[in-house]
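Text of my_file39.cif (mmCIF, C-alpha atoms) as supplied:
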data_upload
loop_
_atom_site.group_PDB
_atom_site.id
_atom_site.type_symbol
_atom_site.label_atom_id
_atom_site.label_comp_id
_atom_site.auth_asym_id
_atom_site.auth_seq_id
_atom_site.Cartn_x
_atom_site.Cartn_y
_atom_site.Cartn_z
ATOM 1 C CA MET L 1 -9.324 -1.214 -6.423
ATOM 2 C CA SER L 2 -9.426 0.403 -9.841
ATOM 3 C CA GLU L 3 -8.848 3.771 -8.160
ATOM 4 C CA ALA L 4 -5.854 2.365 -6.264
ATOM 5 C CA LEU L 5 -4.511 1.089 -9.589
ATOM 6 C CA LYS L 6 -4.751 4.629 -10.990
ATOM 7 C CA GLU L 7 -2.594 5.771 -8.093
ATOM 8 C CA ALA L 8 -0.127 2.946 -8.758
ATOM 9 C CA GLN L 9 0.085 4.065 -12.391
ATOM 10 C CA LYS L 10 1.058 7.563 -11.186
ATOM 11 C CA ALA L 11 3.881 6.022 -9.145
ATOM 12 C CA PHE L 12 4.972 3.979 -12.176
ATOM 13 C CA GLU L 13 5.117 7.124 -14.324
ATOM 14 C CA GLU L 14 7.201 8.850 -11.614
ATOM 15 C CA ASP L 15 9.664 5.912 -11.546
ATOM 16 C CA GLU L 16 8.485 4.885 -8.073
ATOM 17 C CA VAL L 17 7.576 1.325 -7.131
ATOM 18 C CA PRO L 18 4.016 1.237 -8.506
ATOM 19 C CA VAL L 19 1.844 0.924 -5.425
ATOM 20 C CA GLY L 20 -1.362 2.875 -4.991
ATOM 21 C CA ALA L 21 -3.883 3.167 -2.179
ATOM 22 C CA VAL L 22 -7.224 4.782 -1.457
ATOM 23 C CA VAL L 23 -9.168 5.145 1.779
ATOM 24 C CA VAL L 24 -12.942 4.746 1.623
ATOM 25 C CA HIS L 25 -15.170 6.055 4.407
ATOM 26 C CA GLU L 26 -18.957 5.983 4.367
ATOM 27 C CA GLY L 27 -18.984 4.833 0.760
ATOM 28 C CA ARG L 28 -16.690 7.436 -0.761
ATOM 29 C CA ILE L 29 -12.994 7.924 -1.328
ATOM 30 C CA ILE L 30 -11.605 10.382 1.207
ATOM 31 C CA ALA L 31 -7.879 9.937 0.547
ATOM 32 C CA ARG L 32 -5.454 8.719 -2.077
ATOM 33 C CA GLY L 33 -1.775 7.916 -2.103
ATOM 34 C CA HIS L 34 0.961 6.426 -4.230
ATOM 35 C CA ASN L 35 4.545 5.594 -3.410
ATOM 36 C CA GLN L 36 6.779 8.658 -3.198
ATOM 37 C CA VAL L 37 9.809 7.174 -1.467
ATOM 38 C CA GLU L 38 12.255 8.318 -4.152
ATOM 39 C CA ARG L 39 10.734 11.757 -4.703
ATOM 40 C CA LEU L 40 10.564 12.609 -1.013
ATOM 41 C CA LYS L 41 13.694 10.623 -0.081
ATOM 42 C CA ASP L 42 11.603 9.213 2.735
ATOM 43 C CA PRO L 43 11.494 5.474 3.479
ATOM 44 C CA THR L 44 8.059 5.911 5.095
ATOM 45 C CA ALA L 45 6.436 7.510 2.026
ATOM 46 C CA HIS L 46 4.544 4.352 1.073
ATOM 47 C CA ALA L 47 1.172 4.699 -0.634
ATOM 48 C CA GLU L 48 -0.661 3.418 2.448
ATOM 49 C CA MET L 49 1.089 5.812 4.828
ATOM 50 C CA LEU L 50 0.390 8.832 2.634
ATOM 51 C CA ALA L 51 -3.257 7.819 2.204
ATOM 52 C CA LEU L 52 -3.622 7.253 5.971
ATOM 53 C CA THR L 53 -2.216 10.676 6.790
ATOM 54 C CA SER L 54 -4.498 12.308 4.255
ATOM 55 C CA ALA L 55 -7.541 10.425 5.585
ATOM 56 C CA ALA L 56 -6.756 11.371 9.198
ATOM 57 C CA ASN L 57 -6.448 14.999 8.146
ATOM 58 C CA TYR L 58 -9.725 14.797 6.225
ATOM 59 C CA LEU L 59 -11.591 13.285 9.180
ATOM 60 C CA ASP L 60 -9.670 15.423 11.686
ATOM 61 C CA CYS L 61 -9.142 12.295 13.766
ATOM 62 C CA LYS L 62 -6.280 9.876 14.400
ATOM 63 C CA TRP L 63 -8.668 6.940 14.286
ATOM 64 C CA LEU L 64 -10.190 5.845 11.010
ATOM 65 C CA ASN L 65 -13.015 3.790 12.484
ATOM 66 C CA GLY L 66 -15.208 2.348 9.747
ATOM 67 C CA ALA L 67 -12.705 3.157 6.981
ATOM 68 C CA SER L 68 -11.403 0.695 4.411
ATOM 69 C CA LEU L 69 -8.031 0.851 2.705
ATOM 70 C CA TYR L 70 -7.686 -0.474 -0.842
ATOM 71 C CA VAL L 71 -4.079 -1.048 -1.865
ATOM 72 C CA THR L 72 -2.519 -2.732 -4.880
ATOM 73 C CA ILE L 73 -0.116 -4.921 -2.870
ATOM 74 C CA GLU L 74 -0.249 -6.497 0.567
ATOM 75 C CA PRO L 75 0.984 -3.946 3.134
ATOM 76 C CA CYS L 76 4.425 -4.275 4.708
ATOM 77 C CA SER L 77 5.019 -4.378 8.471
ATOM 78 C CA MET L 78 5.240 -0.596 8.796
ATOM 79 C CA CYS L 79 2.030 0.016 6.881
ATOM 80 C CA ALA L 80 0.121 -2.828 8.524
ATOM 81 C CA GLY L 81 1.171 -1.516 11.935
ATOM 82 C CA ALA L 82 -0.010 1.980 11.062
ATOM 83 C CA LEU L 83 -3.324 0.594 9.791
ATOM 84 C CA VAL L 84 -3.834 -1.245 13.080
ATOM 85 C CA LEU L 85 -2.966 1.887 15.076
ATOM 86 C CA ALA L 86 -5.394 3.929 12.969
ATOM 87 C CA ARG L 87 -8.106 1.353 13.696
ATOM 88 C CA VAL L 88 -8.959 0.858 10.049
ATOM 89 C CA LYS L 89 -11.826 -1.584 9.600
ATOM 90 C CA ASP L 90 -10.724 -3.335 6.391
ATOM 91 C CA ILE L 91 -7.623 -3.814 4.281
ATOM 92 C CA ILE L 92 -8.393 -4.910 0.738
ATOM 93 C CA TYR L 93 -5.293 -5.628 -1.328
ATOM 94 C CA GLY L 94 -4.512 -6.837 -4.822
ATOM 95 C CA ALA L 95 -1.271 -8.801 -5.066
ATOM 96 C CA LYS L 96 0.302 -10.816 -2.244
ATOM 97 C CA ASP L 97 3.796 -9.816 -1.190
ATOM 98 C CA PRO L 98 5.744 -12.993 -0.397
ATOM 99 C CA LYS L 99 8.840 -10.992 0.654
ATOM 100 C CA THR L 100 7.471 -8.320 2.999
ATOM 101 C CA GLY L 101 3.706 -8.867 3.292
ATOM 102 C CA ALA L 102 2.431 -8.284 6.835
ATOM 103 C CA CYS L 103 -1.187 -9.326 6.385
ATOM 104 C CA GLY L 104 -0.505 -13.042 6.296
ATOM 105 C CA SER L 105 2.217 -13.734 3.723
ATOM 106 C CA VAL L 106 5.312 -13.266 5.918
ATOM 107 C CA VAL L 107 3.796 -12.098 9.202
ATOM 108 C CA ASN L 108 0.291 -11.111 10.221
ATOM 109 C CA ILE L 109 0.375 -7.783 11.995
ATOM 110 C CA ALA L 110 -3.141 -6.930 10.841
ATOM 111 C CA ASN L 111 -4.555 -9.744 12.974
ATOM 112 C CA HIS L 112 -1.951 -10.318 15.659
ATOM 113 C CA LYS L 113 -3.615 -11.709 18.771
ATOM 114 C CA LYS L 114 -1.563 -9.552 21.140
ATOM 115 C CA LEU L 115 -2.554 -6.252 19.540
ATOM 116 C CA ASN L 116 -5.602 -4.352 20.754
ATOM 117 C CA HIS L 117 -7.156 -3.919 17.287
ATOM 118 C CA ARG L 118 -7.535 -6.294 14.390
ATOM 119 C CA VAL L 119 -8.227 -5.456 10.784
ATOM 120 C CA LYS L 120 -10.345 -7.557 8.428
ATOM 121 C CA VAL L 121 -8.145 -8.475 5.469
ATOM 122 C CA SER L 122 -9.198 -9.494 1.962
ATOM 123 C CA GLY L 123 -6.647 -10.199 -0.741
ATOM 124 C CA GLY L 124 -6.512 -11.023 -4.409
ATOM 125 C CA VAL L 125 -8.761 -8.212 -5.682
ATOM 126 C CA LEU L 126 -7.662 -7.461 -9.270
ATOM 127 C CA LYS L 127 -4.464 -9.321 -8.395
ATOM 128 C CA ASP L 128 -3.423 -9.875 -12.017
ATOM 129 C CA GLU L 129 -3.645 -6.175 -12.855
ATOM 130 C CA CYS L 130 -1.875 -5.214 -9.637
ATOM 131 C CA SER L 131 0.965 -7.703 -10.025
ATOM 132 C CA SER L 132 1.490 -7.046 -13.753
ATOM 133 C CA LEU L 133 2.278 -3.377 -13.105
ATOM 134 C CA LEU L 134 4.837 -4.369 -10.451
ATOM 135 C CA LYS L 135 6.367 -7.028 -12.711
ATOM 136 C CA GLU L 136 6.677 -4.560 -15.586
ATOM 137 C CA PHE L 137 8.313 -1.975 -13.329
ATOM 138 C CA PHE L 138 10.937 -4.368 -11.946
ATOM 139 C CA SER L 139 11.545 -5.932 -15.357
ATOM 140 C CA ARG L 140 12.358 -2.477 -16.743
ATOM 141 C CA LYS L 141 14.604 -1.763 -13.754
ATOM 142 C CA ARG L 142 16.543 -4.975 -14.327
ATOM 143 C CA LEU L 143 16.986 -4.177 -18.010
ATOM 144 C CA SER L 144 18.156 -0.625 -17.334
ATOM 145 C CA HIS L 145 20.679 -1.807 -14.723
ATOM 146 C CA GLY L 146 22.030 -4.515 -17.016
ATOM 147 C CA ALA L 147 23.458 -7.901 -16.195
ATOM 148 C CA GLY L 148 26.022 -8.001 -13.433
ATOM 149 C CA SER L 149 24.765 -4.955 -11.613
ATOM 150 C CA ARG L 150 23.690 -5.052 -8.011
ATOM 151 C CA PRO L 151 20.252 -6.720 -7.670
ATOM 152 C CA LEU L 152 17.333 -4.550 -6.681
ATOM 153 C CA LEU L 153 15.536 -5.191 -3.412
ATOM 154 C CA ASN L 154 11.974 -6.499 -3.659
ATOM 155 C CA SER L 155 12.428 -7.448 -7.283
#

What is this structure when it is put down as structure tokens?
Amino acid sequence: MSEALKEAQKAFEEDEVPVGAVVVHEGRIIARGHNQVERLKDPTAHAEMLALTSAANYLDCKWLNGASLYVTIEPCSMCAGALVLARVKDIIYGAKDPKTGACGSVVNIANHKKLNHRVKVSGGVLKDECSSLLKEFFSRKRLSHGAGSRPLLNS
């Protein structure tokens, strides 16, 4: 998770929502990603999605059997769905996401009984470190937008 936090710090420094992810396969990191939604102007450029694409390219396979994804916040519906489709073995996340979390907080796509693959989910790993970076980011955003401005989503 410390490596995912390093990725989240990169996102923070780029003024992106500070989420980072790494994919581990056979005991080593094979892919990394951090949010790049603003930079790429792409709503799918979440840390998990970028790490998944990189891992699939590395393994030259659409399925990431035996791989684990470490991410600083609970994946959203899009990311959880992609992780199921990629047949990832484990999702290990830091902070829960009570607004969009799709690994148990709002919905549970990772372990939906009607889907053909289920992912083992573990949460709360370095949760304080993961959530403090997010809190700092959104606190700064609120301050820079001032009182009376339009509220930010997911803040």

Check what the PyMOL selection byres ((chain L and resi 84-99) around 9) selects in the file above and give those residues as a compact mmCIF listing (two decimals) with C-alpha atoms, in the coordinates of the input.
# COMPACT_ATOMS: atom_id res chain seq x y z
CA MET L 1 -9.32 -1.21 -6.42
CA ALA L 21 -3.88 3.17 -2.18
CA LEU L 52 -3.62 7.25 5.97
CA ALA L 56 -6.76 11.37 9.20
CA LYS L 62 -6.28 9.88 14.40
CA TRP L 63 -8.67 6.94 14.29
CA LEU L 64 -10.19 5.84 11.01
CA ASN L 65 -13.02 3.79 12.48
CA GLY L 66 -15.21 2.35 9.75
CA ALA L 67 -12.70 3.16 6.98
CA SER L 68 -11.40 0.70 4.41
CA LEU L 69 -8.03 0.85 2.70
CA TYR L 70 -7.69 -0.47 -0.84
CA VAL L 71 -4.08 -1.05 -1.86
CA THR L 72 -2.52 -2.73 -4.88
CA ILE L 73 -0.12 -4.92 -2.87
CA GLU L 74 -0.25 -6.50 0.57
CA PRO L 75 0.98 -3.95 3.13
CA CYS L 76 4.42 -4.28 4.71
CA CYS L 79 2.03 0.02 6.88
CA ALA L 80 0.12 -2.83 8.52
CA GLY L 81 1.17 -1.52 11.94
CA ALA L 82 -0.01 1.98 11.06
CA LEU L 83 -3.32 0.59 9.79
CA THR L 100 7.47 -8.32 3.00
CA GLY L 101 3.71 -8.87 3.29
CA ALA L 102 2.43 -8.28 6.84
CA CYS L 103 -1.19 -9.33 6.38
CA GLY L 104 -0.50 -13.04 6.30
CA SER L 105 2.22 -13.73 3.72
CA VAL L 106 5.31 -13.27 5.92
CA ILE L 109 0.38 -7.78 12.00
CA ALA L 110 -3.14 -6.93 10.84
CA ASN L 111 -4.56 -9.74 12.97
CA LEU L 115 -2.55 -6.25 19.54
CA ASN L 116 -5.60 -4.35 20.75
CA HIS L 117 -7.16 -3.92 17.29
CA ARG L 118 -7.54 -6.29 14.39
CA VAL L 119 -8.23 -5.46 10.78
CA LYS L 120 -10.34 -7.56 8.43
CA VAL L 121 -8.14 -8.48 5.47
CA SER L 122 -9.20 -9.49 1.96
CA GLY L 123 -6.65 -10.20 -0.74
CA GLY L 124 -6.51 -11.02 -4.41
CA VAL L 125 -8.76 -8.21 -5.68
CA LEU L 126 -7.66 -7.46 -9.27
CA LYS L 127 -4.46 -9.32 -8.40
CA ASP L 128 -3.42 -9.88 -12.02
CA GLU L 129 -3.64 -6.18 -12.86
CA CYS L 130 -1.88 -5.21 -9.64
CA SER L 131 0.96 -7.70 -10.02
CA ASN L 154 11.97 -6.50 -3.66

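Across L:Arg142, L:Lys113, L:Lys135, L:His25, the tightest approach to Phe12 (chain L) is made by L:Lys135 when counting all atoms listed in the file.
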
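CA of His34 (chain L) is found 6.7 Å from CA of His46 (chain L).
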
Where's the centre, and what are the edge lengths in Å to one decimal, of a box along x, y and z enclosing all listed atoms of region 109-117 of chain L padded 5 Å per side, as AutoDock Vina command-line options?
--center_x -3.4 --center_y -7.8 --center_z 16.0 --size_x 17.5 --size_y 17.8 --size_z 20.3

Exercise for review: Find the residues with any atom within 7 Å of (-2.7, 2.6, -8.3); use all atoms listed in the file and the coordinates as given in the file, and write the answer as a list of chain:residue names.
Suggested key: L:Glu3, L:Ala4, L:Leu5, L:Lys6, L:Glu7, L:Ala8, L:Gln9, L:Lys10, L:Pro18, L:Val19, L:Gly20, L:Ala21, L:His34, L:Thr72

Please save C-alpha atoms of the selected residues as a PDB file, in the frame of the given file.
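Okay, this is what ended up in part-v2.pdb:
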ATOM      1  CA  GLU L   3      -8.848   3.771  -8.160  1.00  0.00           C
ATOM      2  CA  ALA L   4      -5.854   2.365  -6.264  1.00  0.00           C
ATOM      3  CA  LEU L   5      -4.511   1.089  -9.589  1.00  0.00           C
ATOM      4  CA  LYS L   6      -4.751   4.629 -10.990  1.00  0.00           C
ATOM      5  CA  GLU L   7      -2.594   5.771  -8.093  1.00  0.00           C
ATOM      6  CA  ALA L   8      -0.127   2.946  -8.758  1.00  0.00           C
ATOM      7  CA  GLN L   9       0.085   4.065 -12.391  1.00  0.00           C
ATOM      8  CA  LYS L  10       1.058   7.563 -11.186  1.00  0.00           C
ATOM      9  CA  PRO L  18       4.016   1.237  -8.506  1.00  0.00           C
ATOM     10  CA  VAL L  19       1.844   0.924  -5.425  1.00  0.00           C
ATOM     11  CA  GLY L  20      -1.362   2.875  -4.991  1.00  0.00           C
ATOM     12  CA  ALA L  21      -3.883   3.167  -2.179  1.00  0.00           C
ATOM     13  CA  HIS L  34       0.961   6.426  -4.230  1.00  0.00           C
ATOM     14  CA  THR L  72      -2.519  -2.732  -4.880  1.00  0.00           C
TER      15      THR L  72
END

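Nearest to Met49 (chain L) of all the residues L:Ile30, L:Ala11, L:Leu143, L:Met78 is L:Met78, based on only C-alpha atoms.
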
Practice item. May I have the residues at most 12 Å from (0.7, 12.4, 3.6) in the file's coordinates, counting only C-alpha atoms, as JSON, numbers by chain? Key: {"L": [21, 31, 32, 33, 34, 35, 36, 37, 40, 42, 44, 45, 46, 47, 48, 49, 50, 51, 52, 53, 54, 55, 56, 57, 58]}

Store the residues of this selection in a file with C-alpha atoms, as a PDB file, in the frame of the given file.
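The result, stored in selection02.pdb:
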ATOM      1  CA  ALA L  21      -3.883   3.167  -2.179  1.00  0.00           C
ATOM      2  CA  ALA L  31      -7.879   9.937   0.547  1.00  0.00           C
ATOM      3  CA  ARG L  32      -5.454   8.719  -2.077  1.00  0.00           C
ATOM      4  CA  GLY L  33      -1.775   7.916  -2.103  1.00  0.00           C
ATOM      5  CA  HIS L  34       0.961   6.426  -4.230  1.00  0.00           C
ATOM      6  CA  ASN L  35       4.545   5.594  -3.410  1.00  0.00           C
ATOM      7  CA  GLN L  36       6.779   8.658  -3.198  1.00  0.00           C
ATOM      8  CA  VAL L  37       9.809   7.174  -1.467  1.00  0.00           C
ATOM      9  CA  LEU L  40      10.564  12.609  -1.013  1.00  0.00           C
ATOM     10  CA  ASP L  42      11.603   9.213   2.735  1.00  0.00           C
ATOM     11  CA  THR L  44       8.059   5.911   5.095  1.00  0.00           C
ATOM     12  CA  ALA L  45       6.436   7.510   2.026  1.00  0.00           C
ATOM     13  CA  HIS L  46       4.544   4.352   1.073  1.00  0.00           C
ATOM     14  CA  ALA L  47       1.172   4.699  -0.634  1.00  0.00           C
ATOM     15  CA  GLU L  48      -0.661   3.418   2.448  1.00  0.00           C
ATOM     16  CA  MET L  49       1.089   5.812   4.828  1.00  0.00           C
ATOM     17  CA  LEU L  50       0.390   8.832   2.634  1.00  0.00           C
ATOM     18  CA  ALA L  51      -3.257   7.819   2.204  1.00  0.00           C
ATOM     19  CA  LEU L  52      -3.622   7.253   5.971  1.00  0.00           C
ATOM     20  CA  THR L  53      -2.216  10.676   6.790  1.00  0.00           C
ATOM     21  CA  SER L  54      -4.498  12.308   4.255  1.00  0.00           C
ATOM     22  CA  ALA L  55      -7.541  10.425   5.585  1.00  0.00           C
ATOM     23  CA  ALA L  56      -6.756  11.371   9.198  1.00  0.00           C
ATOM     24  CA  ASN L  57      -6.448  14.999   8.146  1.00  0.00           C
ATOM     25  CA  TYR L  58      -9.725  14.797   6.225  1.00  0.00           C
TER      26      TYR L  58
END

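Minimum atom-to-atom distance to Leu133 (chain L), evaluated using all atoms listed in the file, belongs to L:Val17 out of L:Val23, L:Cys61, L:Val17, L:Ile29.
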
Exercise for review: Grab the CA of Arg140 (chain L) to CA of Glu38 (chain L) distance for me, in Å with one decimal place.
Suggested key: 16.6 Å

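The interatomic distance for the pair CA of Ser139 (chain L) and CA of Glu14 (chain L) works out to 15.9 Å.
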